[in-house]
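Enquirer: I'd like to ask you about the structure that follows.
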Amino acid sequence: MILRWLLALALCALPISAQAETLVVTADRMIDVLEGRTVDNPVVVMTDGRIVSVSTGDVPANLPEDAERLDLPGMTILPGLIDMHVHLTTTPEIGGYRRLEYTDSFWITLGVPNARAMLESGFTTVRNVGAPDYADVALRQGIESGFYPGPRIVAATRGFGVTGGHCDMNGLPPSLVLRDGERGVNGPEAVRLQVRENRRYGADLIKICVTGGVFSRGTEVGMQQMTEEEVRAAVEEAHMLGMRVAAHAHGNAGIRTAIRAGVDTIEHASYLDDETIRMAIDRGTFFSMDIYNTEYTLSEGEANGVLEENLAKERQVGTIQRESFRRAVELRARHVFGSDAGVYPHGTGGRQFARMVRFGMTPLQAIQAATANAAEALDRTADVGAIAPGRYGDIIAVDGDPLADISALEDVDVVIKGGAVVSDRR
């Protein structure tokens, strides 16, 4: 009798299921990134955050009475965009040693406005490829818990490389490098341990630094730094744990090493030859090439405190990277959209689309890099990357037709994430 009474009390305490929320979106046209075509007069129905139907013409008659409707005459709808290379907890306005003026915990506070800026500019999913103190995990938790708006975050937590290389704290004297987490990771077993530790504290993917970089001190951009054994250890461990691997790699030799070892995406990919491009094609490796941010760095970097060493490397690599991008497009390598937001201001990443078109892509290819291709590289094709039944209701809308003028993506008018309108600037 007491057990029956307790069971009845527990059932009464259960929350009452909320009525399903439905949003219907209509527009003049939709870009179907999976089929590579434009659909006229689309009608997209979303319920409880997921797309339930995509049709054309008239709105279905069997919708719930309280369904909301959003009509977008004259506009084009696309899937929510995906940026595969961002740093939410940094800003280009504080460069070089000016960073030392700020307390350690300051940087996570930048993540809140930066996440909002990314979302409102149309990027409903981002891959954060490196953050100190698991700050990207904290941001992901805050967004998913509804404390502040932002995109879906795929978090790498700590990006790592070898001692003295890119992703190591190599700009300070020894007495000021205090924390073990700021030191390099050396040898295959240490790499495996770091992968496991990142996973332990919430990483969704692993970011490794195979070559030197532009914004580190004392490293040559193209020089390989991690051995193939170290890279392979990271890949094997990450893949075993169900995670993808992003490899920072500018130089051709380091890129080849990363491809042979099985990484999933090559970040930057500045120095490429045809053999390396073909190797990437054969292995199914994606290139993530940030071909816009050079313009910002060279125009604003000195005023922001960027050191001359870093500016010189940017001047050296920028043109070469764009020519590598052009050749990779000609040979039909697979690309994802990666901007390196944080090197330039968050929320302005849409400017890269025009550069991708200028250096060889069609507008459709550029859009697919930030949607269908990115979703595949993330292994999240069930959730993001297309306007299709079953996927999240992540949709953006712009005036006109971005297939005719790709610059339309620099000014996104409407952003819908998970079936809810989060930004409407019409």
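Identifiers for the structure tokens are assigned positionally: chains receive A, B, ... in sequence, residues are indexed from 1 per chain, and ligands are indexed from 1 in the order shown.
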Pick out the residues sitting within 12 Å of Gly284 of chain A, and hand them over as a count of residues only; count only C-alpha atoms, and ignore anything fewer than 6 positions along from it in its own chain.
Expert: 16
Enquirer: Near Glu302 of chain A, counting only C-alpha atoms, which residues have an atom at most 12 Å away, once you skip same-chain residues fewer than 6 positions from it, shown as a list of chain:residue names?
Expert: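 In the requested format, the answer is A:Pro92, A:Glu93, A:Ile94, A:Gly95, A:Gly96, A:Arg98, A:Tyr296, A:Glu308, A:Glu309, A:Asn310, A:Leu311, A:Ala312, A:Glu314.
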Enquirer: Could you state the separation of atom CA of Asp71 of chain A and atom CA of Ile153 of chain A in Å, given to one decimal place?
Expert: 28.7 Å
Enquirer: Report as an mmCIF file with N, CA and C atoms, in the first residue's frame all protein, DNA and RNA residues lying within 12 Å of Tyr97 of chain A, evaluated on only C-alpha atoms, omitting residues in the same chain fewer than 3 positions from it.
Expert:
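File produced: part_26.cif:
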data_model
loop_
_atom_site.group_PDB
_atom_site.id
_atom_site.type_symbol
_atom_site.label_atom_id
_atom_site.label_comp_id
_atom_site.auth_asym_id
_atom_site.auth_seq_id
_atom_site.Cartn_x
_atom_site.Cartn_y
_atom_site.Cartn_z
ATOM 1 N N GLU A 93 42.008 42.363 -31.231
ATOM 2 C CA GLU A 93 42.308 43.715 -30.746
ATOM 3 C C GLU A 93 43.343 43.734 -29.635
ATOM 4 N N ILE A 94 43.680 42.555 -29.112
ATOM 5 C CA ILE A 94 44.715 42.470 -28.076
ATOM 6 C C ILE A 94 45.778 41.501 -28.577
ATOM 7 N N LEU A 100 49.436 40.128 -21.849
ATOM 8 C CA LEU A 100 49.884 39.958 -20.468
ATOM 9 C C LEU A 100 49.276 40.985 -19.520
ATOM 10 N N GLU A 101 48.587 41.980 -20.053
ATOM 11 C CA GLU A 101 47.937 42.975 -19.204
ATOM 12 C C GLU A 101 46.634 42.461 -18.598
ATOM 13 N N TYR A 102 46.188 41.287 -19.049
ATOM 14 C CA TYR A 102 44.868 40.790 -18.650
ATOM 15 C C TYR A 102 45.011 39.538 -17.798
ATOM 16 N N GLY A 171 56.663 32.230 -25.993
ATOM 17 C CA GLY A 171 56.980 33.646 -26.039
ATOM 18 C C GLY A 171 57.401 34.231 -24.714
ATOM 19 N N LEU A 172 57.600 33.369 -23.710
ATOM 20 C CA LEU A 172 57.935 33.848 -22.368
ATOM 21 C C LEU A 172 59.254 33.231 -21.900
ATOM 22 N N PHE A 215 51.460 33.026 -35.650
ATOM 23 C CA PHE A 215 51.328 33.810 -34.423
ATOM 24 C C PHE A 215 52.083 33.227 -33.234
ATOM 25 N N SER A 216 52.969 32.276 -33.470
ATOM 26 C CA SER A 216 53.864 31.816 -32.403
ATOM 27 C C SER A 216 55.219 32.475 -32.596
ATOM 28 N N ARG A 217 56.018 32.472 -31.536
ATOM 29 C CA ARG A 217 57.354 33.074 -31.604
ATOM 30 C C ARG A 217 58.393 32.001 -31.852
ATOM 31 N N ASN A 304 47.101 46.689 -33.274
ATOM 32 C CA ASN A 304 46.580 45.815 -32.219
ATOM 33 C C ASN A 304 47.670 45.201 -31.355
ATOM 34 N N GLY A 305 48.931 45.474 -31.677
ATOM 35 C CA GLY A 305 50.019 44.955 -30.867
ATOM 36 C C GLY A 305 50.675 43.702 -31.397
ATOM 37 N N VAL A 306 50.315 43.266 -32.590
ATOM 38 C CA VAL A 306 50.937 42.072 -33.168
ATOM 39 C C VAL A 306 52.414 42.363 -33.423
ATOM 40 N N LEU A 307 53.270 41.433 -33.055
ATOM 41 C CA LEU A 307 54.711 41.629 -33.173
ATOM 42 C C LEU A 307 55.146 41.605 -34.635
ATOM 43 N N GLU A 308 56.219 42.312 -34.929
ATOM 44 C CA GLU A 308 56.717 42.389 -36.294
ATOM 45 C C GLU A 308 57.097 41.004 -36.824
#
Enquirer: Have a look at atom CA of Glu323 of chain A and atom CA of Glu300 of chain A and let me know their distance in Å, one decimal.
Expert: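 A separation of 23.0 Å between them.
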Enquirer: Which residues in segment 241-320 of chain A does DSSP call alpha helix (DSSP H)? List them as a PDB file with N, CA, C and O atoms, in the first residue's frame.
Expert:
ATOM      1  N   ASN A 252      54.464  21.881 -46.556  1.00  0.00           N
ATOM      2  CA  ASN A 252      54.105  20.736 -47.381  1.00  0.00           C
ATOM      3  C   ASN A 252      54.501  19.409 -46.738  1.00  0.00           C
ATOM      4  O   ASN A 252      53.719  18.451 -46.728  1.00  0.00           O
ATOM      5  N   ALA A 253      55.711  19.331 -46.168  1.00  0.00           N
ATOM      6  CA  ALA A 253      56.154  18.072 -45.556  1.00  0.00           C
ATOM      7  C   ALA A 253      55.280  17.712 -44.359  1.00  0.00           C
ATOM      8  O   ALA A 253      54.880  16.553 -44.181  1.00  0.00           O
ATOM      9  N   GLY A 254      54.966  18.700 -43.519  1.00  0.00           N
ATOM     10  CA  GLY A 254      54.100  18.436 -42.370  1.00  0.00           C
ATOM     11  C   GLY A 254      52.700  18.056 -42.781  1.00  0.00           C
ATOM     12  O   GLY A 254      52.052  17.210 -42.135  1.00  0.00           O
ATOM     13  N   ILE A 255      52.205  18.670 -43.856  1.00  0.00           N
ATOM     14  CA  ILE A 255      50.872  18.316 -44.352  1.00  0.00           C
ATOM     15  C   ILE A 255      50.845  16.869 -44.808  1.00  0.00           C
ATOM     16  O   ILE A 255      49.927  16.112 -44.493  1.00  0.00           O
ATOM     17  N   ARG A 256      51.871  16.460 -45.545  1.00  0.00           N
ATOM     18  CA  ARG A 256      51.930  15.063 -46.000  1.00  0.00           C
ATOM     19  C   ARG A 256      51.989  14.099 -44.823  1.00  0.00           C
ATOM     20  O   ARG A 256      51.325  13.053 -44.815  1.00  0.00           O
ATOM     21  N   THR A 257      52.788  14.459 -43.839  1.00  0.00           N
ATOM     22  CA  THR A 257      52.878  13.608 -42.653  1.00  0.00           C
ATOM     23  C   THR A 257      51.512  13.453 -42.000  1.00  0.00           C
ATOM     24  O   THR A 257      51.102  12.347 -41.622  1.00  0.00           O
ATOM     25  N   ALA A 258      50.790  14.552 -41.866  1.00  0.00           N
ATOM     26  CA  ALA A 258      49.471  14.514 -41.230  1.00  0.00           C
ATOM     27  C   ALA A 258      48.484  13.684 -42.044  1.00  0.00           C
ATOM     28  O   ALA A 258      47.687  12.913 -41.486  1.00  0.00           O
ATOM     29  N   ILE A 259      48.541  13.829 -43.372  1.00  0.00           N
ATOM     30  CA  ILE A 259      47.630  13.052 -44.222  1.00  0.00           C
ATOM     31  C   ILE A 259      47.941  11.566 -44.110  1.00  0.00           C
ATOM     32  O   ILE A 259      47.037  10.737 -43.959  1.00  0.00           O
ATOM     33  N   ARG A 260      49.224  11.210 -44.183  1.00  0.00           N
ATOM     34  CA  ARG A 260      49.606   9.793 -44.070  1.00  0.00           C
ATOM     35  C   ARG A 260      49.155   9.205 -42.738  1.00  0.00           C
ATOM     36  O   ARG A 260      48.757   8.037 -42.654  1.00  0.00           O
ATOM     37  N   ALA A 261      49.218  10.024 -41.685  1.00  0.00           N
ATOM     38  CA  ALA A 261      48.861   9.536 -40.354  1.00  0.00           C
ATOM     39  C   ALA A 261      47.354   9.439 -40.159  1.00  0.00           C
ATOM     40  O   ALA A 261      46.908   8.861 -39.165  1.00  0.00           O
ATOM     41  N   ASP A 274      51.189  19.599 -55.981  1.00  0.00           N
ATOM     42  CA  ASP A 274      50.138  18.765 -56.569  1.00  0.00           C
ATOM     43  C   ASP A 274      50.097  17.370 -55.960  1.00  0.00           C
ATOM     44  O   ASP A 274      49.015  16.785 -55.774  1.00  0.00           O
ATOM     45  N   GLU A 275      51.270  16.818 -55.664  1.00  0.00           N
ATOM     46  CA  GLU A 275      51.300  15.466 -55.096  1.00  0.00           C
ATOM     47  C   GLU A 275      50.589  15.438 -53.738  1.00  0.00           C
ATOM     48  O   GLU A 275      49.842  14.499 -53.435  1.00  0.00           O
ATOM     49  N   THR A 276      50.809  16.458 -52.928  1.00  0.00           N
ATOM     50  CA  THR A 276      50.160  16.509 -51.614  1.00  0.00           C
ATOM     51  C   THR A 276      48.651  16.687 -51.766  1.00  0.00           C
ATOM     52  O   THR A 276      47.862  16.072 -51.036  1.00  0.00           O
ATOM     53  N   ILE A 277      48.241  17.533 -52.698  1.00  0.00           N
ATOM     54  CA  ILE A 277      46.813  17.719 -52.936  1.00  0.00           C
ATOM     55  C   ILE A 277      46.172  16.399 -53.354  1.00  0.00           C
ATOM     56  O   ILE A 277      45.102  16.019 -52.850  1.00  0.00           O
ATOM     57  N   ARG A 278      46.819  15.684 -54.260  1.00  0.00           N
ATOM     58  CA  ARG A 278      46.267  14.397 -54.714  1.00  0.00           C
ATOM     59  C   ARG A 278      46.250  13.370 -53.580  1.00  0.00           C
ATOM     60  O   ARG A 278      45.349  12.529 -53.506  1.00  0.00           O
ATOM     61  N   MET A 279      47.244  13.431 -52.716  1.00  0.00           N
ATOM     62  CA  MET A 279      47.250  12.540 -51.555  1.00  0.00           C
ATOM     63  C   MET A 279      46.027  12.820 -50.676  1.00  0.00           C
ATOM     64  O   MET A 279      45.364  11.891 -50.193  1.00  0.00           O
ATOM     65  N   ALA A 280      45.732  14.092 -50.453  1.00  0.00           N
ATOM     66  CA  ALA A 280      44.561  14.453 -49.655  1.00  0.00           C
ATOM     67  C   ALA A 280      43.278  13.957 -50.306  1.00  0.00           C
ATOM     68  O   ALA A 280      42.370  13.450 -49.629  1.00  0.00           O
ATOM     69  N   ILE A 281      43.192  14.093 -51.619  1.00  0.00           N
ATOM     70  CA  ILE A 281      42.006  13.620 -52.337  1.00  0.00           C
ATOM     71  C   ILE A 281      41.864  12.114 -52.173  1.00  0.00           C
ATOM     72  O   ILE A 281      40.768  11.606 -51.872  1.00  0.00           O
ATOM     73  N   ASP A 282      42.952  11.383 -52.355  1.00  0.00           N
ATOM     74  CA  ASP A 282      42.906   9.917 -52.247  1.00  0.00           C
ATOM     75  C   ASP A 282      42.525   9.453 -50.850  1.00  0.00           C
ATOM     76  O   ASP A 282      41.818   8.447 -50.692  1.00  0.00           O
ATOM     77  N   ARG A 283      42.980  10.188 -49.817  1.00  0.00           N
ATOM     78  CA  ARG A 283      42.724   9.776 -48.438  1.00  0.00           C
ATOM     79  C   ARG A 283      41.409  10.346 -47.879  1.00  0.00           C
ATOM     80  O   ARG A 283      41.037  10.018 -46.753  1.00  0.00           O
ATOM     81  N   ASN A 293      41.671  36.163 -43.489  1.00  0.00           N
ATOM     82  CA  ASN A 293      42.165  36.913 -42.330  1.00  0.00           C
ATOM     83  C   ASN A 293      43.484  37.645 -42.565  1.00  0.00           C
ATOM     84  O   ASN A 293      43.822  38.569 -41.828  1.00  0.00           O
ATOM     85  N   THR A 294      44.251  37.250 -43.579  1.00  0.00           N
ATOM     86  CA  THR A 294      45.487  37.976 -43.906  1.00  0.00           C
ATOM     87  C   THR A 294      45.214  39.467 -44.097  1.00  0.00           C
ATOM     88  O   THR A 294      46.000  40.321 -43.648  1.00  0.00           O
ATOM     89  N   GLU A 295      44.114  39.785 -44.752  1.00  0.00           N
ATOM     90  CA  GLU A 295      43.791  41.188 -45.027  1.00  0.00           C
ATOM     91  C   GLU A 295      43.643  41.979 -43.733  1.00  0.00           C
ATOM     92  O   GLU A 295      44.130  43.103 -43.615  1.00  0.00           O
ATOM     93  N   TYR A 296      42.949  41.372 -42.764  1.00  0.00           N
ATOM     94  CA  TYR A 296      42.753  42.068 -41.491  1.00  0.00           C
ATOM     95  C   TYR A 296      44.082  42.205 -40.745  1.00  0.00           C
ATOM     96  O   TYR A 296      44.412  43.280 -40.229  1.00  0.00           O
ATOM     97  N   THR A 297      44.839  41.124 -40.677  1.00  0.00           N
ATOM     98  CA  THR A 297      46.084  41.148 -39.905  1.00  0.00           C
ATOM     99  C   THR A 297      47.057  42.191 -40.441  1.00  0.00           C
ATOM    100  O   THR A 297      47.679  42.943 -39.671  1.00  0.00           O
ATOM    101  N   LEU A 298      47.195  42.255 -41.757  1.00  0.00           N
ATOM    102  CA  LEU A 298      48.166  43.183 -42.327  1.00  0.00           C
ATOM    103  C   LEU A 298      47.699  44.631 -42.275  1.00  0.00           C
ATOM    104  O   LEU A 298      48.521  45.556 -42.295  1.00  0.00           O
ATOM    105  N   SER A 299      46.388  44.860 -42.172  1.00  0.00           N
ATOM    106  CA  SER A 299      45.911  46.236 -42.088  1.00  0.00           C
ATOM    107  C   SER A 299      45.779  46.728 -40.653  1.00  0.00           C
ATOM    108  O   SER A 299      46.000  47.913 -40.366  1.00  0.00           O
ATOM    109  N   GLU A 300      45.462  45.848 -39.720  1.00  0.00           N
ATOM    110  CA  GLU A 300      45.169  46.255 -38.349  1.00  0.00           C
ATOM    111  C   GLU A 300      46.125  45.668 -37.319  1.00  0.00           C
ATOM    112  O   GLU A 300      46.126  46.082 -36.162  1.00  0.00           O
ATOM    113  N   GLU A 308      56.219  42.312 -34.929  1.00  0.00           N
ATOM    114  CA  GLU A 308      56.717  42.389 -36.294  1.00  0.00           C
ATOM    115  C   GLU A 308      57.097  41.004 -36.824  1.00  0.00           C
ATOM    116  O   GLU A 308      56.911  40.710 -38.014  1.00  0.00           O
ATOM    117  N   GLU A 309      57.631  40.149 -35.970  1.00  0.00           N
ATOM    118  CA  GLU A 309      57.959  38.785 -36.398  1.00  0.00           C
ATOM    119  C   GLU A 309      56.734  38.100 -36.982  1.00  0.00           C
ATOM    120  O   GLU A 309      56.799  37.424 -38.017  1.00  0.00           O
ATOM    121  N   ASN A 310      55.592  38.253 -36.319  1.00  0.00           N
ATOM    122  CA  ASN A 310      54.362  37.605 -36.776  1.00  0.00           C
ATOM    123  C   ASN A 310      53.811  38.268 -38.036  1.00  0.00           C
ATOM    124  O   ASN A 310      53.310  37.580 -38.935  1.00  0.00           O
ATOM    125  N   LEU A 311      53.908  39.588 -38.104  1.00  0.00           N
ATOM    126  CA  LEU A 311      53.461  40.286 -39.309  1.00  0.00           C
ATOM    127  C   LEU A 311      54.305  39.884 -40.514  1.00  0.00           C
ATOM    128  O   LEU A 311      53.777  39.710 -41.624  1.00  0.00           O
ATOM    129  N   ALA A 312      55.599  39.715 -40.315  1.00  0.00           N
ATOM    130  CA  ALA A 312      56.477  39.313 -41.415  1.00  0.00           C
ATOM    131  C   ALA A 312      56.093  37.932 -41.931  1.00  0.00           C
ATOM    132  O   ALA A 312      56.082  37.685 -43.145  1.00  0.00           O
ATOM    133  N   LYS A 313      55.753  37.030 -41.016  1.00  0.00           N
ATOM    134  CA  LYS A 313      55.344  35.694 -41.443  1.00  0.00           C
ATOM    135  C   LYS A 313      54.012  35.740 -42.181  1.00  0.00           C
ATOM    136  O   LYS A 313      53.803  34.988 -43.148  1.00  0.00           O
ATOM    137  N   GLU A 314      53.125  36.612 -41.742  1.00  0.00           N
ATOM    138  CA  GLU A 314      51.839  36.753 -42.439  1.00  0.00           C
ATOM    139  C   GLU A 314      52.052  37.274 -43.858  1.00  0.00           C
ATOM    140  O   GLU A 314      51.418  36.801 -44.813  1.00  0.00           O
ATOM    141  N   ARG A 315      52.928  38.242 -43.998  1.00  0.00           N
ATOM    142  CA  ARG A 315      53.225  38.757 -45.338  1.00  0.00           C
ATOM    143  C   ARG A 315      53.832  37.668 -46.221  1.00  0.00           C
ATOM    144  O   ARG A 315      53.588  37.602 -47.429  1.00  0.00           O
ATOM    145  N   GLN A 316      54.618  36.826 -45.612  1.00  0.00           N
ATOM    146  CA  GLN A 316      55.283  35.742 -46.347  1.00  0.00           C
ATOM    147  C   GLN A 316      54.287  34.698 -46.826  1.00  0.00           C
ATOM    148  O   GLN A 316      54.360  34.213 -47.964  1.00  0.00           O
ATOM    149  N   VAL A 317      53.340  34.335 -46.005  1.00  0.00           N
ATOM    150  CA  VAL A 317      52.520  33.164 -46.275  1.00  0.00           C
ATOM    151  C   VAL A 317      51.204  33.473 -46.973  1.00  0.00           C
ATOM    152  O   VAL A 317      50.626  32.607 -47.648  1.00  0.00           O
ATOM    153  N   GLY A 318      50.682  34.694 -46.843  1.00  0.00           N
ATOM    154  CA  GLY A 318      49.329  34.986 -47.307  1.00  0.00           C
ATOM    155  C   GLY A 318      49.104  34.712 -48.780  1.00  0.00           C
ATOM    156  O   GLY A 318      48.161  34.006 -49.167  1.00  0.00           O
ATOM    157  N   THR A 319      49.957  35.254 -49.644  1.00  0.00           N
ATOM    158  CA  THR A 319      49.785  35.075 -51.085  1.00  0.00           C
ATOM    159  C   THR A 319      49.991  33.624 -51.482  1.00  0.00           C
ATOM    160  O   THR A 319      49.251  33.071 -52.319  1.00  0.00           O
ATOM    161  N   ILE A 320      50.981  32.978 -50.875  1.00  0.00           N
ATOM    162  CA  ILE A 320      51.261  31.572 -51.189  1.00  0.00           C
ATOM    163  C   ILE A 320      50.066  30.708 -50.832  1.00  0.00           C
ATOM    164  O   ILE A 320      49.671  29.803 -51.587  1.00  0.00           O
TER     165      ILE A 320
END
Enquirer: Under the rule that only C-alpha atoms are counted, which of A:Leu364, A:Ala370, A:Asp136, A:Asp66 is the nearest residue to Ala404 of chain A?
Expert: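 Closest candidate: A:Leu364.
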Enquirer: Provide the atom CA of Thr56 of chain A to atom CA of Leu23 of chain A distance in Å, to one decimal place.
Expert: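 A separation of 15.7 Å between them.
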Enquirer: So, with only C-alpha atoms as the atoms that count, which of A:Val112, A:Val343, A:Val43, A:Ile77 lies closest to Ile367 of chain A?
Expert: A:Ile77
Enquirer: Hey, what's within 9 Å of segment 406-416 of chain A if we count only C-alpha atoms and toss same-chain stuff fewer than 5 positions away? As a ChimeraX atom specification, please?
Expert: /A:77,80,119-124,348-354,357,363-364,366-367,393-401,421-426
Enquirer: Which of segment 10-107 of chain A counts as strand (DSSP E or B) under DSSP, as a PyMOL selection string please?
Expert: chain A and resi 22-32+37-40+42-47+50-56+68-79+81-86
Enquirer: Considering only C-alpha atoms, return as a compact mmCIF listing (two decimals) with all heavy atoms, in the first residue's frame whatever protein or nucleic-acid residues lie within 12 Å of Thr109 of chain A, sequence-local ones (same chain, fewer than 5 positions apart) excluded.
Expert:
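Okay, out.txt is ready:
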# COMPACT_ATOMS: atom_id res chain seq x y z
N LEU A 88 36.96 31.26 -29.97
CA LEU A 88 35.96 32.13 -29.36
C LEU A 88 36.50 32.92 -28.18
O LEU A 88 35.95 33.97 -27.84
CB LEU A 88 34.75 31.30 -28.91
CG LEU A 88 33.89 30.71 -30.04
CD1 LEU A 88 32.83 29.78 -29.46
CD2 LEU A 88 33.25 31.80 -30.88
N THR A 89 37.55 32.44 -27.54
CA THR A 89 38.03 33.10 -26.34
C THR A 89 39.27 33.96 -26.61
O THR A 89 40.19 34.03 -25.80
CB THR A 89 38.33 32.08 -25.23
OG1 THR A 89 39.27 31.10 -25.73
CG2 THR A 89 37.07 31.37 -24.80
N THR A 90 39.26 34.60 -27.77
CA THR A 90 40.34 35.54 -28.06
C THR A 90 39.78 36.67 -28.91
O THR A 90 38.66 36.61 -29.40
CB THR A 90 41.51 34.85 -28.79
OG1 THR A 90 42.62 35.74 -28.86
CG2 THR A 90 41.11 34.41 -30.19
N THR A 91 40.57 37.72 -29.06
CA THR A 91 40.19 38.86 -29.88
C THR A 91 41.41 39.39 -30.60
O THR A 91 42.51 39.42 -30.02
CB THR A 91 39.56 39.98 -29.03
OG1 THR A 91 39.31 41.13 -29.87
CG2 THR A 91 40.47 40.40 -27.89
N TYR A 102 46.19 41.29 -19.05
CA TYR A 102 44.87 40.79 -18.65
C TYR A 102 45.01 39.54 -17.80
O TYR A 102 45.90 38.70 -18.02
CB TYR A 102 44.02 40.50 -19.89
CG TYR A 102 43.71 41.74 -20.69
CD1 TYR A 102 44.65 42.25 -21.59
CD2 TYR A 102 42.51 42.42 -20.52
CE1 TYR A 102 44.40 43.41 -22.31
CE2 TYR A 102 42.24 43.58 -21.24
CZ TYR A 102 43.19 44.07 -22.13
OH TYR A 102 42.92 45.22 -22.84
N THR A 103 44.11 39.41 -16.84
CA THR A 103 44.14 38.24 -15.96
C THR A 103 43.78 36.98 -16.73
O THR A 103 43.13 37.02 -17.78
CB THR A 103 43.17 38.44 -14.78
OG1 THR A 103 43.36 37.39 -13.83
CG2 THR A 103 41.72 38.44 -15.23
N ASP A 104 44.20 35.82 -16.19
CA ASP A 104 44.01 34.56 -16.89
C ASP A 104 42.54 34.29 -17.22
O ASP A 104 42.23 33.76 -18.29
CB ASP A 104 44.55 33.40 -16.05
CG ASP A 104 46.05 33.45 -15.89
OD1 ASP A 104 46.71 34.13 -16.69
OD2 ASP A 104 46.56 32.83 -14.94
N ASN A 114 31.50 36.93 -28.30
CA ASN A 114 31.99 36.38 -29.55
C ASN A 114 31.06 35.28 -30.07
O ASN A 114 30.81 35.18 -31.28
CB ASN A 114 33.40 35.81 -29.38
CG ASN A 114 34.45 36.90 -29.24
OD1 ASN A 114 34.21 38.06 -29.54
ND2 ASN A 114 35.62 36.53 -28.74
N ALA A 115 30.55 34.46 -29.16
CA ALA A 115 29.60 33.41 -29.57
C ALA A 115 28.34 34.02 -30.13
O ALA A 115 27.80 33.56 -31.15
CB ALA A 115 29.28 32.51 -28.38
N ALA A 135 37.93 26.40 -21.68
CA ALA A 135 36.97 27.49 -21.77
C ALA A 135 35.91 27.23 -22.83
O ALA A 135 34.76 27.66 -22.69
CB ALA A 135 37.70 28.80 -22.08
N ASP A 136 36.27 26.52 -23.92
CA ASP A 136 35.26 26.25 -24.95
C ASP A 136 34.22 25.26 -24.45
O ASP A 136 33.05 25.33 -24.85
CB ASP A 136 35.91 25.78 -26.25
CG ASP A 136 36.95 24.69 -26.08
OD1 ASP A 136 37.22 24.27 -24.93
OD2 ASP A 136 37.51 24.25 -27.11
N ALA A 138 33.23 25.21 -21.30
CA ALA A 138 32.37 26.05 -20.45
C ALA A 138 31.38 26.83 -21.29
O ALA A 138 30.19 26.94 -20.94
CB ALA A 138 33.24 26.99 -19.62
N LEU A 139 31.84 27.38 -22.42
CA LEU A 139 30.93 28.12 -23.30
C LEU A 139 29.85 27.20 -23.86
O LEU A 139 28.68 27.57 -23.93
CB LEU A 139 31.71 28.76 -24.44
CG LEU A 139 32.57 29.97 -24.07
CD1 LEU A 139 33.48 30.33 -25.23
CD2 LEU A 139 31.68 31.16 -23.71
N GLY A 142 27.28 26.64 -21.23
CA GLY A 142 26.44 27.81 -21.00
C GLY A 142 25.41 28.00 -22.09
O GLY A 142 24.24 28.34 -21.82
N TYR A 148 23.03 31.99 -22.33
CA TYR A 148 23.31 33.04 -23.30
C TYR A 148 23.30 32.40 -24.69
O TYR A 148 23.45 31.19 -24.83
CB TYR A 148 24.65 33.73 -23.03
CG TYR A 148 25.76 32.81 -22.58
CD1 TYR A 148 26.50 32.08 -23.49
CD2 TYR A 148 26.06 32.68 -21.22
CE1 TYR A 148 27.52 31.24 -23.08
CE2 TYR A 148 27.08 31.83 -20.79
CZ TYR A 148 27.81 31.12 -21.73
OH TYR A 148 28.81 30.27 -21.32
Enquirer: Considering only C-alpha atoms, return as a ChimeraX atom specification whatever protein or nucleic-acid residues lie within 10 Å of Asp133 of chain A, sequence-local ones (same chain, fewer than 6 positions apart) excluded.
Expert: /A:104-105,107-108,157-158,181,201
Enquirer: Using only C-alpha atoms, which protein or nucleic acid residues come within 10 Å of Glu21 of chain A? Drop anything in the same chain fewer than 4 positions from it, and give the result as a PyMOL selection string.
Expert: chain A and resi 46-49+64+66-68+419-420
